[in-house]
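The structure appears right after this line, and notes come after that.
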Amino acid sequence: MHPTTARPDCHWDGSPRTAYPRRPLRVAATSPSRLLRTGQSGRCRQCGHRIDRYQRFDQRPIALHPIELDTSQIPAPYQWHLSGGIAHPHSDGSAWCRIPHQMLCPDHTPTVPAGPYLEALRRQLAVRTRRLIDSGQFTPAAPAVCETASRSSRDCPAWPVVQLLLGRYLADAPLDAIRCVAQTRNRHRCPQPVLDPSRPRGAWTLLPATPQRGQLTLPATLMAVYDLSRLPYAEQLRWRTQRCPAHAATPGAADLALAGWQVFDPLLHAAHLHTRLPHTRPTRSEEA
């Protein structure tokens, strides 16, 4: 037998000494969604099961069940399919489809009967959730409480309404806490905020809460809106894509999370309407 000597460019176990950098994930320039696949998975805060987050055709986020299901077992109103990273609320003609996680989440009670097939899946997820809770591996999140009632009237709203690009959007965090969604070179989410003191800022103003898309007429009231419509188009687009100035100048950088904007609906988001501007003192009549 002859001894086997290790190669000079390898360790004793044969592994290479030089660690080549991993190739970064990239998004095609023609892709409708700039979100990386690694940034779409998560866990439901109510049941602990895995969910896949996607952007809908109307630019709203949606959480889908990660497993494709048989189309013949799913009612037509619950069938979704993916095209270019965008979720569409109908079937694509194939034998498989996706469904919203809300239809199977044990913490949510569906208003419309979903059929025996989906009810069986709901029971399976409920049993798994109970096992995770009993073993201490998962703790359900506390019910969401509107923070606007506990916050001072002088503070910025917890969920501010922002007007930009000829539309109104509801943010999921205060203005100074809106975080960039782009991916850094270390494959982490950018920690920089979108609000930059060196860039032009918007202004708080009172605007009427007008209904949209033929909704019922609301009482004549004014609401506090952070108006960005006077800013340049590029600056408004930076806010809409939720990027810091550095990543806004790098169009090739992919997103690692969905933007937290929701199209503002004065009826659905009535709890987030503010009739006073931030940093203003209430009048004596309001204090009484």
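Residue numbering restarts at 1 for every chain of the structure tokens, chains are lettered A, B, ... in their displayed order, and ligands are numbered from 1 as they appear.
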
Do a neighbour search on A:Leu164 at 7 Å with only C-alpha atoms, toss out local chain neighbours closer than 2 positions, and write the hits as number ranges by chain. A: 162, 166-168, 227-229, 236

C-alpha atoms of the current selection, written as a compact mmCIF listing (two decimals), in the first residue's frame:
```txt
# COMPACT_ATOMS: atom_id res chain seq x y z
CA VAL A 162 -49.74 58.53 2.26
CA LEU A 166 -52.16 59.87 -7.87
CA GLY A 167 -53.30 57.41 -5.21
CA ARG A 168 -53.55 56.90 -1.48
CA ASP A 227 -48.83 64.27 0.89
CA LEU A 228 -45.94 63.34 -1.41
CA SER A 229 -47.65 64.35 -4.64
CA GLN A 236 -42.56 59.23 -5.38
```

Secondary structure check, helix (DSSP H, G or I) residues of stretch 42-207 of chain A, as a count of residues only: 31

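Going from atom CA of A:Gln46 over to atom CA of A:Thr71, you cover 26.4 Å.
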
Kindly assemble as a Markdown table a list of the stretch 125-203 of chain A residues that lie within 12 Å of stretch 84-106 of chain A, each paired with its nearest atom pair and their distance in Å to one decimal, using only C-alpha atoms, sorted first by chain and then by ascending residue number.
```
| residue | atom | partner | partner_atom | distance |
| --- | --- | --- | --- | --- |
| A:Leu125 | CA | A:Pro106 | CA | 6.7 |
| A:Ala126 | CA | A:Pro106 | CA | 5.2 |
| A:Val127 | CA | A:Pro106 | CA | 9.0 |
| A:Arg128 | CA | A:Pro106 | CA | 9.9 |
| A:Thr129 | CA | A:Pro106 | CA | 8.0 |
| A:Arg130 | CA | A:Pro106 | CA | 9.9 |
| A:Pro140 | CA | A:Pro106 | CA | 11.3 |
```

For those residues, write N, CA, C and O atoms to a file as an mmCIF file, in the first residue's frame.
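Full text of again-v7.cif as output:
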```
data_model
loop_
_atom_site.group_PDB
_atom_site.id
_atom_site.type_symbol
_atom_site.label_atom_id
_atom_site.label_comp_id
_atom_site.auth_asym_id
_atom_site.auth_seq_id
_atom_site.Cartn_x
_atom_site.Cartn_y
_atom_site.Cartn_z
ATOM 1 N N LEU A 125 -54.225 20.942 9.916
ATOM 2 C CA LEU A 125 -53.410 22.070 10.344
ATOM 3 C C LEU A 125 -53.706 22.443 11.803
ATOM 4 O O LEU A 125 -52.809 22.854 12.544
ATOM 5 N N ALA A 126 -54.965 22.303 12.216
ATOM 6 C CA ALA A 126 -55.312 22.619 13.598
ATOM 7 C C ALA A 126 -54.617 21.658 14.564
ATOM 8 O O ALA A 126 -54.145 22.070 15.637
ATOM 9 N N VAL A 127 -54.542 20.379 14.198
ATOM 10 C CA VAL A 127 -53.854 19.408 15.050
ATOM 11 C C VAL A 127 -52.362 19.722 15.130
ATOM 12 O O VAL A 127 -51.751 19.665 16.209
ATOM 13 N N ARG A 128 -51.754 20.088 14.002
ATOM 14 C CA ARG A 128 -50.334 20.428 14.019
ATOM 15 C C ARG A 128 -50.080 21.679 14.846
ATOM 16 O O ARG A 128 -49.087 21.767 15.572
ATOM 17 N N THR A 129 -50.968 22.661 14.746
ATOM 18 C CA THR A 129 -50.809 23.880 15.543
ATOM 19 C C THR A 129 -50.871 23.567 17.028
ATOM 20 O O THR A 129 -50.082 24.089 17.834
ATOM 21 N N ARG A 130 -51.807 22.715 17.426
ATOM 22 C CA ARG A 130 -51.913 22.345 18.834
ATOM 23 C C ARG A 130 -50.656 21.624 19.319
ATOM 24 O O ARG A 130 -50.190 21.845 20.448
ATOM 25 N N PRO A 140 -48.854 31.611 19.643
ATOM 26 C CA PRO A 140 -49.664 32.481 18.766
ATOM 27 C C PRO A 140 -49.488 33.945 19.127
ATOM 28 O O PRO A 140 -49.287 34.308 20.291
#
```

Quick one: of A:Ala209, A:Ile178, A:Cys47, A:Ala76, who's nearest to A:Arg131, counting only C-alpha atoms?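 Nearest candidate to A:Arg131 out of A:Ala209, A:Ile178, A:Cys47, A:Ala76: A:Cys47.
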
Name the residues in contact with A:Pro116 at a cut-off of 10 Å, using only C-alpha atoms, excluding same-chain residues fewer than 4 positions from it; report them as a JSON list (two decimals) with N, CA and C atoms, in the first residue's frame.
```json
[["chain", "number", "residue", "atom", "x", "y", "z"],
["A", 73, "GLN", "N", -60.87, 19.56, -6.52],
["A", 73, "GLN", "CA", -61.32, 19.52, -5.13],
["A", 73, "GLN", "C", -61.51, 20.92, -4.54],
["A", 74, "ILE", "N", -61.16, 21.96, -5.28],
["A", 74, "ILE", "CA", -61.19, 23.33, -4.77],
["A", 74, "ILE", "C", -62.30, 24.10, -5.47],
["A", 120, "ALA", "N", -61.10, 19.03, 5.86],
["A", 120, "ALA", "CA", -60.17, 18.02, 6.35],
["A", 120, "ALA", "C", -58.75, 18.59, 6.47],
["A", 121, "LEU", "N", -58.35, 19.42, 5.50],
["A", 121, "LEU", "CA", -57.04, 20.05, 5.59],
["A", 121, "LEU", "C", -56.97, 21.02, 6.76],
["A", 122, "ARG", "N", -58.07, 21.73, 7.03],
["A", 122, "ARG", "CA", -58.10, 22.64, 8.17],
["A", 122, "ARG", "C", -57.92, 21.88, 9.48]]
```

Please identify which residues in stretch 39-267 of chain A DSSP calls strand (DSSP E) from the backbone, and express them as a ChimeraX atom specification. /A:41-43,50-56,61-64,69-70,81-83,86-88,96-97,161-164,167-170,203-208,222-227,262-263

Go ahead and save the picked residues with C-alpha atoms, as a PDB file, in the first residue's frame.
```
ATOM      1  CA  SER A  41     -41.718  32.320   2.540  1.00  0.00           C
ATOM      2  CA  GLY A  42     -42.695  32.896   6.133  1.00  0.00           C
ATOM      3  CA  ARG A  43     -44.747  31.613   9.056  1.00  0.00           C
ATOM      4  CA  ARG A  50     -45.514  28.069   6.468  1.00  0.00           C
ATOM      5  CA  ILE A  51     -46.998  30.534   4.011  1.00  0.00           C
ATOM      6  CA  ASP A  52     -45.839  31.980   0.700  1.00  0.00           C
ATOM      7  CA  ARG A  53     -46.312  35.717   0.279  1.00  0.00           C
ATOM      8  CA  TYR A  54     -47.005  37.030  -3.195  1.00  0.00           C
ATOM      9  CA  GLN A  55     -48.131  40.239  -4.784  1.00  0.00           C
ATOM     10  CA  ARG A  56     -51.602  40.213  -6.251  1.00  0.00           C
ATOM     11  CA  PRO A  61     -50.023  41.239  -0.763  1.00  0.00           C
ATOM     12  CA  ILE A  62     -51.573  37.822  -0.260  1.00  0.00           C
ATOM     13  CA  ALA A  63     -50.473  34.759   1.721  1.00  0.00           C
ATOM     14  CA  LEU A  64     -50.932  31.498  -0.184  1.00  0.00           C
ATOM     15  CA  LEU A  69     -53.877  21.347  -4.535  1.00  0.00           C
ATOM     16  CA  ASP A  70     -56.068  19.450  -6.959  1.00  0.00           C
ATOM     17  CA  HIS A  81     -52.454  30.661  -9.867  1.00  0.00           C
ATOM     18  CA  LEU A  82     -49.055  32.329 -10.266  1.00  0.00           C
ATOM     19  CA  SER A  83     -47.739  33.992 -13.390  1.00  0.00           C
ATOM     20  CA  ILE A  86     -47.923  37.643  -9.517  1.00  0.00           C
ATOM     21  CA  ALA A  87     -50.950  35.903  -7.962  1.00  0.00           C
ATOM     22  CA  HIS A  88     -54.192  35.880  -9.967  1.00  0.00           C
ATOM     23  CA  TRP A  96     -53.330  22.204  -9.847  1.00  0.00           C
ATOM     24  CA  CYS A  97     -53.969  25.522  -8.129  1.00  0.00           C
ATOM     25  CA  VAL A 161     -52.092  57.362   5.015  1.00  0.00           C
ATOM     26  CA  VAL A 162     -49.737  58.533   2.259  1.00  0.00           C
ATOM     27  CA  GLN A 163     -50.709  60.144  -1.025  1.00  0.00           C
ATOM     28  CA  LEU A 164     -48.361  59.492  -3.935  1.00  0.00           C
ATOM     29  CA  GLY A 167     -53.298  57.408  -5.211  1.00  0.00           C
ATOM     30  CA  ARG A 168     -53.545  56.896  -1.475  1.00  0.00           C
ATOM     31  CA  TYR A 169     -51.827  54.070   0.362  1.00  0.00           C
ATOM     32  CA  LEU A 170     -51.897  52.834   3.940  1.00  0.00           C
ATOM     33  CA  ALA A 203     -46.195  67.545   4.203  1.00  0.00           C
ATOM     34  CA  TRP A 204     -49.055  66.594   6.459  1.00  0.00           C
ATOM     35  CA  THR A 205     -52.344  67.997   5.251  1.00  0.00           C
ATOM     36  CA  LEU A 206     -56.065  67.521   5.788  1.00  0.00           C
ATOM     37  CA  LEU A 207     -57.872  66.053   2.783  1.00  0.00           C
ATOM     38  CA  PRO A 208     -61.433  64.780   2.400  1.00  0.00           C
ATOM     39  CA  LEU A 222     -61.218  65.562   6.732  1.00  0.00           C
ATOM     40  CA  MET A 223     -58.410  63.120   7.339  1.00  0.00           C
ATOM     41  CA  ALA A 224     -54.683  63.580   7.941  1.00  0.00           C
ATOM     42  CA  VAL A 225     -52.672  62.523   4.872  1.00  0.00           C
ATOM     43  CA  TYR A 226     -48.914  62.670   4.325  1.00  0.00           C
ATOM     44  CA  ASP A 227     -48.830  64.269   0.888  1.00  0.00           C
ATOM     45  CA  GLN A 262     -52.036  48.755   0.958  1.00  0.00           C
ATOM     46  CA  VAL A 263     -54.364  50.628  -1.363  1.00  0.00           C
TER      47      VAL A 263
END
```

I'd like the neighbourhood of A:Glu235 as JSON, numbers by chain, where a residue qualifies if any of its atoms comes within 12 Å (using only C-alpha atoms), though same-chain residues fewer than 6 positions away should be ignored. {"A": [164, 165, 194, 195, 196, 199, 200, 201, 202, 228, 229, 241, 242, 243, 244, 245, 248, 249]}

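Shortest separation to A:Phe138 among A:His49, A:Phe57, A:Ala173, A:Pro193 occurs at residue A:His49, atoms counted being only C-alpha atoms.
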
Rounded to one decimal in Å, what is the spacing between atom CA of A:Leu256 and atom CA of A:Gln192? 13.5 Å

What does the structure give for the distance between atom CA of A:Thr111 and atom CA of A:Ala158, in Å to one decimal?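 Straight-line distance from atom CA of A:Thr111 to atom CA of A:Ala158 works out to 29.5 Å.
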